[in-house]
>>> print(open('run_37.csv').read())   # CSV, C-alpha atoms
chain,number,residue,atom,x,y,z
T,1,MET,CA,60.3,42.5,-33.3
T,2,PRO,CA,58.1,39.8,-34.7
T,3,SER,CA,54.5,40.7,-35.4
T,4,SER,CA,51.6,39.2,-33.7
T,5,THR,CA,50.8,37.1,-36.7
T,6,ASP,CA,54.1,35.2,-36.6
T,7,GLY,CA,53.2,33.0,-33.7
T,8,PRO,CA,50.2,31.3,-32.0
T,9,SER,CA,47.3,33.6,-30.9
T,10,ASN,CA,47.3,34.2,-27.2
T,11,GLY,CA,49.7,31.3,-26.7
T,12,ARG,CA,46.9,28.7,-27.5
T,13,ARG,CA,47.0,27.8,-31.1
T,14,LYS,CA,50.1,26.8,-33.0
T,15,GLY,CA,48.5,26.3,-36.3
T,16,ARG,CA,45.2,26.0,-38.0
T,17,SER,CA,44.2,23.8,-40.9
T,18,LYS,CA,41.9,25.6,-43.3
T,19,ARG,CA,39.1,23.4,-44.6
T,20,ALA,CA,36.1,24.0,-46.9
T,21,ASN,CA,33.0,25.6,-45.4
T,22,GLY,CA,31.1,23.1,-43.3
T,23,GLN,CA,34.0,20.7,-43.0
T,24,GLY,CA,35.1,22.0,-39.7
T,25,SER,CA,38.4,23.3,-38.5
T,26,ILE,CA,41.6,21.7,-37.0
T,27,TYR,CA,44.3,23.4,-34.9
T,28,GLN,CA,47.0,22.5,-32.4
T,29,ARG,CA,47.0,23.9,-28.9
T,30,ALA,CA,50.0,25.2,-27.1
T,31,ASP,CA,50.2,21.9,-25.1
T,32,GLY,CA,50.6,19.9,-28.3
T,33,LEU,CA,47.1,18.4,-28.4
T,34,TRP,CA,45.2,18.7,-31.7
T,35,VAL,CA,41.6,19.9,-31.7
T,36,GLY,CA,39.0,19.7,-34.3
T,37,ALA,CA,35.4,21.0,-34.4
T,38,ALA,CA,32.5,20.8,-36.8
T,39,TYR,CA,28.7,21.1,-36.8
T,40,VAL,CA,27.1,17.7,-36.5
T,41,LEU,CA,23.6,16.3,-35.9
T,42,MET,CA,22.7,15.8,-32.3
T,43,PRO,CA,20.2,13.4,-30.7
T,44,ASP,CA,17.6,16.1,-30.3
T,45,GLY,CA,17.6,16.8,-34.1
T,46,THR,CA,19.6,20.1,-33.8
T,47,SER,CA,23.1,20.8,-35.2
T,48,LYS,CA,25.8,21.8,-32.7
T,49,ARG,CA,29.5,22.4,-33.0
T,50,ARG,CA,31.2,19.3,-31.6
T,51,PRO,CA,34.9,19.2,-30.6
T,52,VAL,CA,37.2,16.2,-31.0
T,53,TYR,CA,40.7,15.7,-29.8
T,54,GLY,CA,43.8,13.7,-30.8
T,55,LYS,CA,47.6,13.5,-30.6
T,56,SER,CA,48.0,14.2,-34.3
T,57,GLU,CA,46.2,16.1,-37.0
T,58,GLU,CA,45.5,12.9,-38.9
T,59,ILE,CA,43.7,11.4,-35.9
T,60,VAL,CA,41.5,14.5,-35.5
T,61,ARG,CA,40.8,14.6,-39.2
T,62,SER,CA,39.7,11.0,-39.1
T,63,LYS,CA,37.4,11.6,-36.1
T,64,LEU,CA,35.8,14.6,-37.8
T,65,THR,CA,35.3,12.7,-41.0
T,66,GLU,CA,33.5,9.9,-39.2
T,67,LEU,CA,31.3,12.3,-37.3
T,68,GLN,CA,30.3,14.2,-40.4
T,69,ALA,CA,29.7,11.0,-42.3
T,70,ASN,CA,27.3,9.8,-39.6
T,71,SER,CA,25.5,13.2,-39.7
T,72,ASP,CA,25.1,12.9,-43.4
T,73,GLN,CA,23.5,9.5,-42.9
T,74,GLY,CA,21.1,10.9,-40.2
T,75,ILE,CA,23.0,9.3,-37.3
T,76,PRO,CA,23.4,11.7,-34.4
T,77,ALA,CA,26.5,12.2,-32.4
T,78,GLU,CA,26.6,10.2,-29.2
T,79,ALA,CA,25.0,11.9,-26.2
T,80,THR,CA,28.1,13.1,-24.3
T,81,GLY,CA,26.0,15.1,-21.9
T,82,TRP,CA,23.9,12.1,-20.7
T,83,THR,CA,24.8,10.2,-17.6
T,84,VAL,CA,23.6,6.6,-17.1
T,85,GLU,CA,21.2,7.7,-14.4
T,86,ARG,CA,19.7,10.5,-16.5
T,87,PHE,CA,19.1,8.2,-19.5
T,88,LEU,CA,17.7,5.3,-17.5
T,89,ASN,CA,15.2,7.6,-15.8
T,90,TYR,CA,14.3,9.1,-19.2
T,91,TRP,CA,13.9,5.5,-20.5
T,92,LEU,CA,11.7,4.5,-17.6
T,93,GLU,CA,9.3,7.4,-18.0
T,94,GLN,CA,9.2,7.6,-21.8
T,95,THR,CA,9.4,3.9,-22.8
T,96,VAL,CA,8.9,1.5,-20.0
T,97,LYS,CA,6.0,3.2,-18.2
T,98,PRO,CA,3.7,3.7,-21.2
T,99,ASN,CA,4.3,0.3,-22.8
T,100,ASN,CA,4.3,-2.1,-19.9
T,101,LYS,CA,2.2,-3.2,-17.0
T,102,PRO,CA,2.5,-1.1,-13.8
T,103,ALA,CA,4.1,-3.9,-11.9
T,104,THR,CA,6.8,-4.2,-14.6
T,105,TYR,CA,7.5,-0.5,-14.4
T,106,HIS,CA,7.8,-0.5,-10.7
T,107,GLY,CA,10.1,-3.5,-10.7
T,108,TYR,CA,12.4,-1.8,-13.3
T,109,GLU,CA,12.3,1.5,-11.4
T,110,MET,CA,13.3,-0.2,-8.2
T,111,MET,CA,16.2,-1.9,-9.9
T,112,VAL,CA,17.4,1.4,-11.4
T,113,ARG,CA,17.0,3.4,-8.2
T,114,VAL,CA,18.2,0.9,-5.6
T,115,HIS,CA,20.9,-1.1,-7.4
T,116,ILE,CA,22.1,0.4,-10.7
T,117,CYS,CA,22.3,4.2,-10.2
T,118,PRO,CA,24.1,4.1,-6.8
T,119,ALA,CA,26.9,2.1,-8.5
T,120,ILE,CA,27.2,3.5,-12.0
T,121,GLY,CA,24.6,6.2,-12.4
T,122,LYS,CA,27.1,9.1,-12.4
T,123,LYS,CA,29.1,7.7,-15.3
T,124,ARG,CA,28.8,9.2,-18.8
T,125,LEU,CA,26.5,7.1,-20.9
T,126,ASN,CA,28.8,7.1,-23.9
T,127,ARG,CA,31.8,6.3,-21.8
T,128,LEU,CA,30.4,3.3,-20.0
T,129,THR,CA,32.5,0.2,-20.7
T,130,ALA,CA,32.0,-3.5,-20.3
T,131,ALA,CA,34.6,-3.3,-17.5
T,132,ASP,CA,32.3,-0.9,-15.6
T,133,VAL,CA,29.3,-3.2,-16.0
T,134,ARG,CA,31.4,-6.2,-15.0
T,135,LEU,CA,32.6,-4.5,-11.9
T,136,PHE,CA,29.1,-3.4,-11.0
T,137,VAL,CA,27.9,-7.0,-11.3
T,138,ARG,CA,30.8,-8.4,-9.1
T,139,GLN,CA,30.3,-5.7,-6.5
T,140,MET,CA,26.5,-6.4,-6.3
T,141,GLU,CA,27.2,-10.2,-6.0
T,142,ASN,CA,29.5,-9.6,-3.1
T,143,SER,CA,27.8,-6.7,-1.3
T,144,CYS,CA,25.6,-7.3,1.8
T,145,LEU,CA,22.2,-5.8,1.0
T,146,CYS,CA,21.7,-4.9,4.6
T,147,CYS,CA,24.9,-2.9,4.9
T,148,ARG,CA,24.6,-1.3,1.5
T,149,ARG,CA,21.0,-0.1,1.9
T,150,GLY,CA,21.3,0.6,5.7
T,151,LEU,CA,18.3,-1.6,6.5
T,152,ASP,CA,19.1,-1.7,10.2
T,153,THR,CA,18.5,2.0,10.6
T,154,ARG,CA,14.9,1.3,10.0
T,155,ARG,CA,14.7,-1.6,12.5
T,156,ARG,CA,14.0,-1.5,16.2
T,157,GLU,CA,17.1,-1.6,18.5
T,158,GLU,CA,16.5,-5.2,19.6
T,159,ASN,CA,16.2,-6.4,15.9
T,160,ARG,CA,19.4,-4.8,14.6
T,161,ARG,CA,22.0,-7.3,13.5
T,162,CYS,CA,24.2,-5.8,10.8
T,163,CYS,CA,25.2,-2.4,9.6
T,164,ALA,CA,23.9,-0.6,12.7
T,165,ILE,CA,26.1,-2.5,15.0
T,166,GLY,CA,29.2,-2.9,12.8
T,167,GLN,CA,28.8,-6.7,12.2
T,168,CYS,CA,27.9,-7.7,8.7
T,169,CYS,CA,25.3,-10.4,8.4
T,170,ARG,CA,26.5,-11.2,4.8
T,171,SER,CA,23.0,-10.9,3.4
T,172,LEU,CA,24.1,-11.3,-0.2
T,173,PRO,CA,21.7,-10.9,-3.1
T,174,SER,CA,20.4,-14.0,-4.9
T,175,ARG,CA,21.6,-14.9,-8.4
T,176,ARG,CA,18.1,-14.0,-9.5
T,177,LEU,CA,18.3,-10.5,-8.2
T,178,VAL,CA,21.7,-9.9,-9.8
T,179,GLN,CA,20.4,-11.3,-13.1
T,180,GLN,CA,17.4,-9.0,-12.9
T,181,ALA,CA,19.6,-5.9,-12.3
T,182,HIS,CA,21.8,-6.8,-15.2
T,183,SER,CA,18.8,-7.5,-17.4
T,184,VAL,CA,17.3,-4.0,-16.7
T,185,LEU,CA,20.6,-2.3,-17.4
T,186,ARG,CA,21.0,-4.3,-20.6
T,187,ASN,CA,17.5,-3.4,-21.8
T,188,GLY,CA,18.0,0.3,-20.9
T,189,LEU,CA,21.3,0.4,-22.8
T,190,GLN,CA,19.7,-1.3,-25.8
T,191,ALA,CA,17.1,1.5,-25.9
T,192,ALA,CA,20.0,4.0,-26.0
T,193,VAL,CA,21.4,2.0,-29.0
T,194,ARG,CA,18.0,2.1,-30.7
T,195,GLU,CA,17.8,5.9,-30.2
T,196,GLU,CA,21.3,6.1,-31.6
T,197,LEU,CA,22.8,7.6,-28.5
T,198,LEU,CA,25.2,4.6,-28.3
T,199,ARG,CA,26.8,2.5,-30.9
T,200,ARG,CA,26.9,-0.7,-28.9
T,201,ASN,CA,25.4,-2.2,-25.8
T,202,VAL,CA,28.3,-3.0,-23.5
T,203,ALA,CA,26.1,-4.8,-21.0
T,204,LYS,CA,25.7,-7.6,-23.6
T,205,LEU,CA,29.4,-8.2,-23.3
T,206,VAL,CA,29.1,-9.2,-19.7
T,207,LYS,CA,27.9,-12.7,-19.0
T,208,ILE,CA,25.8,-13.4,-15.9
T,209,THR,CA,25.7,-16.7,-14.0
T,210,PRO,CA,22.0,-17.7,-14.4
T,211,PRO,CA,20.0,-18.7,-11.3
T,212,GLN,CA,19.4,-22.4,-10.7
T,213,TYR,CA,15.8,-23.3,-10.4
T,214,GLY,CA,14.8,-26.3,-8.4
T,215,ILE,CA,12.6,-29.1,-9.7
T,216,ASN,CA,9.8,-31.1,-8.1
T,217,ARG,CA,8.4,-28.0,-6.5
T,218,GLY,CA,4.9,-29.4,-6.9
T,219,LEU,CA,3.0,-31.9,-4.8
T,220,THR,CA,2.5,-35.6,-5.2
T,221,VAL,CA,-1.0,-37.0,-5.5
T,222,GLU,CA,-0.9,-38.0,-1.8
T,223,GLN,CA,0.2,-34.5,-0.8
T,224,SER,CA,-2.5,-32.9,-3.0
T,225,ARG,CA,-5.2,-34.9,-1.3
T,226,ALA,CA,-3.8,-34.0,2.1
T,227,LEU,CA,-3.9,-30.3,1.1
T,228,LEU,CA,-7.5,-30.6,0.0
T,229,ASP,CA,-8.4,-32.2,3.3
T,230,ALA,CA,-6.6,-29.5,5.3
T,231,ALA,CA,-8.3,-26.7,3.3
T,232,ALA,CA,-11.8,-28.2,3.6
T,233,GLY,CA,-14.0,-25.7,5.5
T,234,ASP,CA,-11.7,-22.7,4.8
T,235,ARG,CA,-13.5,-19.7,3.3
T,236,LEU,CA,-11.0,-19.8,0.4
T,237,TYR,CA,-11.2,-23.5,-0.2
T,238,ALA,CA,-12.4,-23.0,-3.8
T,239,LEU,CA,-9.3,-20.8,-4.5
T,240,VAL,CA,-7.1,-23.7,-3.5
T,241,VAL,CA,-9.2,-26.0,-5.7
T,242,LEU,CA,-8.9,-23.8,-8.8
T,243,ALA,CA,-5.1,-23.4,-8.3
T,244,LEU,CA,-4.6,-27.1,-8.0
T,245,PHE,CA,-7.0,-28.3,-10.7
T,246,LEU,CA,-6.7,-25.5,-13.3
T,247,GLY,CA,-3.1,-24.2,-12.6
T,248,LEU,CA,-4.2,-20.6,-12.3
T,249,ARG,CA,-1.6,-18.0,-11.3
T,250,ARG,CA,-2.2,-16.1,-8.0
T,251,GLY,CA,-3.0,-12.8,-9.8
T,252,GLU,CA,-5.4,-14.6,-12.2
T,253,LEU,CA,-7.3,-16.2,-9.3
T,254,LEU,CA,-7.7,-12.9,-7.4
T,255,GLY,CA,-8.7,-11.1,-10.6
T,256,LEU,CA,-11.6,-13.5,-11.4
T,257,GLN,CA,-15.1,-12.1,-11.4
T,258,TRP,CA,-18.4,-13.9,-11.4
T,259,SER,CA,-19.0,-12.4,-14.9
T,260,ASP,CA,-16.1,-14.5,-16.1
T,261,ILE,CA,-18.2,-17.7,-15.6
T,262,ASP,CA,-20.6,-18.9,-18.3
T,263,THR,CA,-22.9,-21.2,-16.5
T,264,ASP,CA,-24.7,-22.2,-19.7
T,265,ARG,CA,-21.5,-23.4,-21.4
T,266,GLY,CA,-19.8,-24.4,-18.2
T,267,THR,CA,-16.7,-22.4,-18.8
T,268,LEU,CA,-14.4,-19.9,-17.0
T,269,THR,CA,-12.5,-17.2,-18.9
T,270,ILE,CA,-9.3,-15.6,-17.6
T,271,ARG,CA,-9.4,-12.0,-18.7
T,272,ARG,CA,-7.4,-10.1,-16.2
T,273,THR,CA,-4.9,-10.4,-13.3
T,274,LEU,CA,-4.7,-8.5,-10.0
T,275,GLN,CA,-1.5,-6.7,-9.2
T,276,ARG,CA,-0.3,-4.4,-6.5
T,277,THR,CA,1.6,-1.4,-7.9
T,278,GLY,CA,2.8,1.0,-5.4
T,279,ARG,CA,-0.1,1.8,-3.0
T,280,ALA,CA,-2.9,0.6,-5.4
T,281,LEU,CA,-4.4,-2.6,-6.5
T,282,ARG,CA,-5.0,-2.7,-10.2
T,283,LEU,CA,-6.6,-5.1,-12.6
T,284,VAL,CA,-4.4,-5.5,-15.7
T,285,THR,CA,-4.3,-7.7,-18.7
T,286,PRO,CA,-2.9,-11.2,-18.2
T,287,LYS,CA,0.8,-12.0,-18.4
T,288,THR,CA,0.9,-12.9,-22.1
T,289,ASP,CA,-1.5,-13.2,-25.0
T,290,THR,CA,-1.8,-16.9,-24.4
T,291,SER,CA,-2.8,-16.2,-20.8
T,292,PHE,CA,-6.2,-15.1,-22.2
T,293,ARG,CA,-7.9,-18.5,-22.1
T,294,THR,CA,-11.2,-20.2,-21.5
T,295,LEU,CA,-11.3,-23.4,-19.5
T,296,PRO,CA,-14.1,-25.9,-18.9
T,297,LEU,CA,-15.7,-26.1,-15.4
T,298,ILE,CA,-16.4,-29.7,-14.6
T,299,GLY,CA,-16.6,-32.0,-11.7
T,300,PHE,CA,-15.0,-31.0,-8.5
T,301,VAL,CA,-14.1,-27.5,-9.6
T,302,ALA,CA,-17.6,-26.6,-10.6
T,303,GLU,CA,-18.9,-28.0,-7.3
T,304,ALA,CA,-16.4,-26.0,-5.3
T,305,LEU,CA,-17.4,-22.7,-7.0
T,306,THR,CA,-21.1,-23.4,-6.4
T,307,GLU,CA,-20.4,-23.9,-2.7
T,308,HIS,CA,-18.2,-20.8,-2.6
T,309,ARG,CA,-20.9,-18.6,-4.1
T,310,LYS,CA,-23.3,-19.8,-1.4
T,311,LEU,CA,-20.7,-18.9,1.2
T,312,GLN,CA,-20.1,-15.5,-0.3
T,313,ASP,CA,-23.8,-14.8,-0.4
T,314,ALA,CA,-24.0,-15.6,3.3
T,315,GLU,CA,-21.1,-13.3,4.1
T,316,ARG,CA,-22.7,-10.5,2.1
T,317,ASP,CA,-26.0,-10.9,4.0
T,318,ALA,CA,-24.2,-10.9,7.3
T,319,THR,CA,-22.2,-7.8,6.4
T,320,GLY,CA,-25.1,-5.7,5.2
T,321,ASP,CA,-24.4,-2.2,4.2
T,322,ARG,CA,-20.7,-2.6,4.8
T,323,TRP,CA,-20.4,-5.0,1.9
T,324,VAL,CA,-18.3,-3.7,-1.0
T,325,HIS,CA,-19.7,-4.9,-4.4
T,326,THR,CA,-16.8,-5.8,-6.7
T,327,ASP,CA,-18.1,-8.9,-8.4
T,328,HIS,CA,-14.9,-10.6,-7.5
T,329,ILE,CA,-15.1,-14.3,-6.8
T,330,PHE,CA,-12.5,-14.3,-4.1
T,331,THR,CA,-12.8,-11.4,-1.7
T,332,THR,CA,-12.2,-10.3,1.9
T,333,LYS,CA,-15.0,-10.8,4.4
T,334,ILE,CA,-16.5,-7.4,3.4
T,335,GLY,CA,-16.2,-7.9,-0.4
T,336,THR,CA,-13.1,-6.0,-1.2
T,337,MET,CA,-10.3,-7.4,-3.4
T,338,ILE,CA,-7.6,-9.5,-1.7
T,339,ASP,CA,-4.1,-8.1,-1.9
T,340,PRO,CA,-1.9,-10.8,-3.6
T,341,GLY,CA,0.7,-10.2,-0.9
T,342,ASN,CA,-1.9,-11.1,1.8
T,343,LEU,CA,-2.7,-14.5,0.3
T,344,ARG,CA,0.0,-16.1,2.4
T,345,ARG,CA,-2.0,-15.4,5.5
T,346,THR,CA,-4.4,-18.1,4.2
T,347,TRP,CA,-1.8,-20.3,2.5
T,348,ASP,CA,0.8,-20.6,5.3
T,349,PRO,CA,-1.6,-22.2,7.9
T,350,LEU,CA,-3.0,-24.6,5.2
T,351,ARG,CA,0.4,-25.8,4.0
T,352,ARG,CA,1.5,-26.4,7.6
T,353,ALA,CA,-1.6,-28.4,8.3
T,354,ALA,CA,-1.0,-30.5,5.2
T,355,GLY,CA,2.6,-31.1,6.1
T,356,ILE,CA,4.0,-29.3,3.0
T,357,ASP,CA,5.8,-26.4,4.7
T,358,ASP,CA,8.4,-26.0,1.9
T,359,VAL,CA,5.9,-25.6,-0.9
T,360,VAL,CA,5.0,-22.0,-2.0
T,361,PHE,CA,1.5,-21.2,-3.4
T,362,HIS,CA,2.8,-21.1,-7.0
T,363,GLY,CA,3.7,-24.8,-6.4
T,364,LEU,CA,0.0,-25.6,-6.9
T,365,ARG,CA,0.3,-24.4,-10.5
T,366,HIS,CA,3.4,-26.5,-10.9
T,367,THR,CA,1.5,-29.5,-9.5
T,368,CYS,CA,-1.4,-29.1,-11.9
T,369,VAL,CA,0.9,-29.0,-15.0
T,370,THR,CA,3.1,-31.9,-13.8
T,371,LEU,CA,0.3,-34.2,-12.9
T,372,LEU,CA,-1.4,-33.5,-16.3
T,373,LEU,CA,1.8,-34.4,-18.1
T,374,ASN,CA,2.3,-37.5,-15.9
T,375,LEU,CA,-1.3,-38.6,-16.9
T,376,GLY,CA,-0.2,-38.5,-20.6
T,377,VAL,CA,-2.1,-35.4,-21.5
T,378,PRO,CA,-0.6,-34.0,-24.8
T,379,PRO,CA,1.9,-31.1,-24.0
T,380,HIS,CA,0.0,-28.7,-26.3
T,381,THR,CA,-3.2,-29.2,-24.3
T,382,VAL,CA,-1.4,-28.7,-21.1
T,383,ARG,CA,0.2,-25.5,-22.4
T,384,GLU,CA,-3.3,-24.1,-23.3
T,385,ILE,CA,-4.7,-25.0,-19.9
T,386,ALA,CA,-1.7,-23.3,-18.1
T,387,GLY,CA,-1.5,-20.4,-20.5
T,388,HIS,CA,2.2,-20.8,-21.1
T,389,SER,CA,3.7,-18.5,-23.8
T,390,ALA,CA,5.4,-21.4,-25.5
T,391,ILE,CA,5.4,-25.2,-25.3
T,392,GLU,CA,9.1,-25.0,-24.5
T,393,VAL,CA,8.1,-23.5,-21.1
T,394,THR,CA,5.8,-26.4,-20.5
T,395,MET,CA,8.3,-29.1,-21.3
T,396,THR,CA,11.5,-27.5,-20.0
T,397,ILE,CA,10.4,-26.3,-16.6
T,398,TYR,CA,7.6,-28.8,-15.8
T,399,ALA,CA,8.2,-32.0,-17.7
T,400,HIS,CA,10.6,-33.9,-15.3
T,401,SER,CA,10.3,-37.5,-14.3
T,402,SER,CA,10.0,-38.7,-10.7
T,403,MET,CA,12.4,-41.2,-9.3
T,404,ALA,CA,9.7,-43.9,-9.5
T,405,GLU,CA,9.2,-43.2,-13.2
T,406,LYS,CA,13.0,-43.4,-13.8
T,407,ARG,CA,13.2,-46.7,-11.9
T,408,THR,CA,10.3,-48.2,-13.9
T,409,ALA,CA,11.9,-47.0,-17.2
T,410,LEU,CA,15.3,-48.5,-16.4
T,411,ALA,CA,13.7,-51.7,-15.2
T,412,ARG,CA,11.9,-52.1,-18.5
T,413,LEU,CA,15.2,-51.6,-20.3
T,414,ASP,CA,16.8,-54.2,-18.0
T,415,ASP,CA,14.1,-56.7,-18.8
T,416,HIS,CA,14.4,-56.0,-22.5
T,417,LEU,CA,18.1,-56.4,-22.7
T,418,ILE,CA,18.5,-59.4,-20.4
T,419,GLY,CA,15.3,-61.1,-21.7
T,420,ASN,CA,14.0,-62.4,-18.4
>>> encode(input="run_37.csv", output="structure tokens")
Amino acid sequence: MPSSTDGPSNGRRKGRSKRANGQGSIYQRADGLWVGAAYVLMPDGTSKRRPVYGKSEEIVRSKLTELQANSDQGIPAEATGWTVERFLNYWLEQTVKPNNKPATYHGYEMMVRVHICPAIGKKRLNRLTAADVRLFVRQMENSCLCCRRGLDTRRREENRRCCAIGQCCRSLPSRRLVQQAHSVLRNGLQAAVREELLRRNVAKLVKITPPQYGINRGLTVEQSRALLDAAAGDRLYALVVLALFLGLRRGELLGLQWSDIDTDRGTLTIRRTLQRTGRALRLVTPKTDTSFRTLPLIGFVAEALTEHRKLQDAERDATGDRWVHTDHIFTTKIGTMIDPGNLRRTWDPLRRAAGIDDVVFHGLRHTCVTLLLNLGVPPHTVREIAGHSAIEVTMTIYAHSSMAEKRTALARLDDHLIGN
């Protein structure tokens, strides 16, 4: 009768390869699969025994050698215990939240919670493939947002039109939304690469169709004058003037305070922007470093601000003790800050009155930049007025010619070549 040492122990191991201390061990299971294990460096700085598997002893030995070589170089083993959801939430709290503006964090968090995690959040971080990301993007592109998020369950019965009644309204996400979701995932996975939890960023292998932005979103000179006529007499007339003449962003306008105006020098300095993050309004630093800028107050703009201050003083006197002192230039009728989302209550009636229904408020910024370029103002000066991060933004997005300008240019070429 053979002894117990003649065969595999407990029917599990057919053989074991002895290796030097610290090099790990390799053995073959009863089902034929080879297994190796060794102590390697983990992402949290500790050393743990890590198993590897293969169809042959050579494959397992190669995997162990690679793991231990990485450990010797201070590179930890991939985080096999992390899911995509777990890491992205960790990344949001530990990296995005402390290092970005609140609005940026909330936008990233929404993308992770609403779009990314329901689709691929349960997948192992180190097993996520480019095919997984590509499938996630395609599914998002072709999934009705109303059905997927069950929006009709929160609507009144008479307004339900989609998932609650079994008829899809095909409310597909925009290219911009898909691009944002992919961008957040790509940034999150890149953070995992930097922390050496992943060796490559598979989201970078998936190409996204970029959104197409329209041009000529601004106003003509005639439309601008019509808007000023329509806004005359409105309590926020000066806000429209500053947006049109200085190209200020919505948050920059609503973040302005009277202390930002230097009457002696005749200047206005953009120091902050107003954002809504969650349930709170917050004053944060401007969008980019170049968004910190000082602009001259001359002519029509200076006159509009002078009249606006008189109007605000009258509102404060009429309100009495209910007035909230915030020092903001543009406020509600009781002095509180204006929620950026509520600005449309002023803008919508004005644009309808001016006959420019299809122009959003940001179009006033576009108008300012475009008209300045059309007047021949040097691009670097326009960039400094608008606070663009780079001159390429000024020239790529805003510097487009009107049909009249194209006609004039081609007519000059025609005259030059024909010689009339």
>>> atom_distance(input="run_37.csv", atom1="CA of Asn142 in chain T", atom2="CA of Arg175 in chain T")
10.9 Å
>>> closest_residue(input="run_37.csv", among="T:Val324, T:Ala192, T:Ala226, T:Leu364", to="Leu242 in chain T", atoms="only C-alpha atoms")
T:Leu364
>>> atom_distance(input="run_37.csv", atom1="CA of Gln275 in chain T", atom2="CA of Arg352 in chain T")
26.1 Å
>>> atom_distance(input="run_37.csv", atom1="CA of Arg316 in chain T", atom2="CA of Val240 in chain T")
21.2 Å
>>> residues_around(input="run_37.csv", residues="Gly54 in chain T", least_positions_apart="4", cutoff="6 Å", atoms="only C-alpha atoms", output="ChimeraX atom specification")
/T:34,59-60
>>> closest_residue(input="run_37.csv", among="T:Ala353, T:Val84, T:Leu239, T:Met337", to="Ala302 in chain T", atoms="only C-alpha atoms")
T:Leu239
>>> closest_residue(input="run_37.csv", among="T:Cys368, T:Ala280, T:Ile165, T:Val301", to="Leu219 in chain T", atoms="only C-alpha atoms")
T:Cys368
>>> residues_around(input="run_37.csv", residues="Arg160 in chain T", least_positions_apart="4", cutoff="12 Å", atoms="only C-alpha atoms", output="number ranges by chain")
T: 146-147, 150-156, 164-169
>>> residues_around(input="run_37.csv", residues="Leu297 in chain T", least_positions_apart="2", cutoff="10 Å", atoms="all atoms listed in the file", output="ChimeraX atom specification")
/T:242,246,261-263,265-268,294-295,299-303,305
>>> residues_around(input="run_37.csv", residues="Ala103 in chain T", least_positions_apart="4", cutoff="8 Å", atoms="only C-alpha atoms", output="PyMOL selection string")
chain T and resi 107+275-277
>>> residues_around(input="run_37.csv", residues="Pro102 in chain T", least_positions_apart="5", cutoff="12 Å", atoms="only C-alpha atoms", output="ChimeraX atom specification")
/T:92-93,96-97,107-109,273-285,287
>>> closest_residue(input="run_37.csv", among="T:Arg134, T:Arg86, T:Asn342, T:Ala30", to="Arg113 in chain T", atoms="all atoms listed in the file")
T:Arg86
>>> closest_residue(input="run_37.csv", among="T:Arg225, T:Ser183, T:His115, T:Ala37", to="Ala354 in chain T", atoms="only C-alpha atoms")
T:Arg225
>>> closest_residue(input="run_37.csv", among="T:Val221, T:Gln257, T:Leu189, T:Arg176", to="Thr129 in chain T", atoms="all atoms listed in the file")
T:Leu189
>>> closest_atom_pairs(input="run_37.csv", of="range 198-273 of chain T", to="range 184-188 of chain T", cutoff="10 Å", atoms="all atoms listed in the file", output="Markdown table")
| residue | atom | partner | partner_atom | distance |
| --- | --- | --- | --- | --- |
| T:Asn201 | CA | T:Arg186 | CA | 7.1 |
| T:Val202 | CA | T:Arg186 | CA | 8.0 |
| T:Ala203 | CA | T:Arg186 | CA | 5.1 |
| T:Lys204 | CA | T:Arg186 | CA | 6.5 |
| T:Leu205 | CA | T:Arg186 | CA | 9.6 |
| T:Val206 | CA | T:Arg186 | CA | 9.5 |
>>> decode(input="run_37.csv", residues="range 407-416 of chain T", atoms="N, CA and C atoms", output="compact mmCIF listing (two decimals), in the first residue's frame")
# COMPACT_ATOMS: atom_id res chain seq x y z
N ARG T 407 -18.09 87.73 -48.74
CA ARG T 407 -18.47 88.27 -50.05
C ARG T 407 -17.52 89.41 -50.45
N THR T 408 -17.23 90.28 -49.48
CA THR T 408 -16.34 91.41 -49.75
C THR T 408 -14.94 90.93 -50.11
N ALA T 409 -14.45 89.93 -49.37
CA ALA T 409 -13.10 89.41 -49.62
C ALA T 409 -13.00 88.79 -51.01
N LEU T 410 -14.00 87.98 -51.40
CA LEU T 410 -13.96 87.35 -52.72
C LEU T 410 -14.16 88.37 -53.84
N ALA T 411 -14.93 89.41 -53.56
CA ALA T 411 -15.11 90.46 -54.57
C ALA T 411 -13.80 91.19 -54.80
N ARG T 412 -13.00 91.41 -53.73
CA ARG T 412 -11.71 92.06 -53.90
C ARG T 412 -10.78 91.19 -54.72
N LEU T 413 -10.83 89.86 -54.48
CA LEU T 413 -9.99 88.94 -55.26
C LEU T 413 -10.42 88.95 -56.72
N ASP T 414 -11.72 88.99 -56.94
CA ASP T 414 -12.25 89.02 -58.30
C ASP T 414 -11.76 90.25 -59.02
N ASP T 415 -11.82 91.40 -58.35
CA ASP T 415 -11.36 92.65 -58.96
C ASP T 415 -9.86 92.59 -59.24
N HIS T 416 -9.12 91.98 -58.33
CA HIS T 416 -7.66 91.94 -58.46
C HIS T 416 -7.24 91.06 -59.66
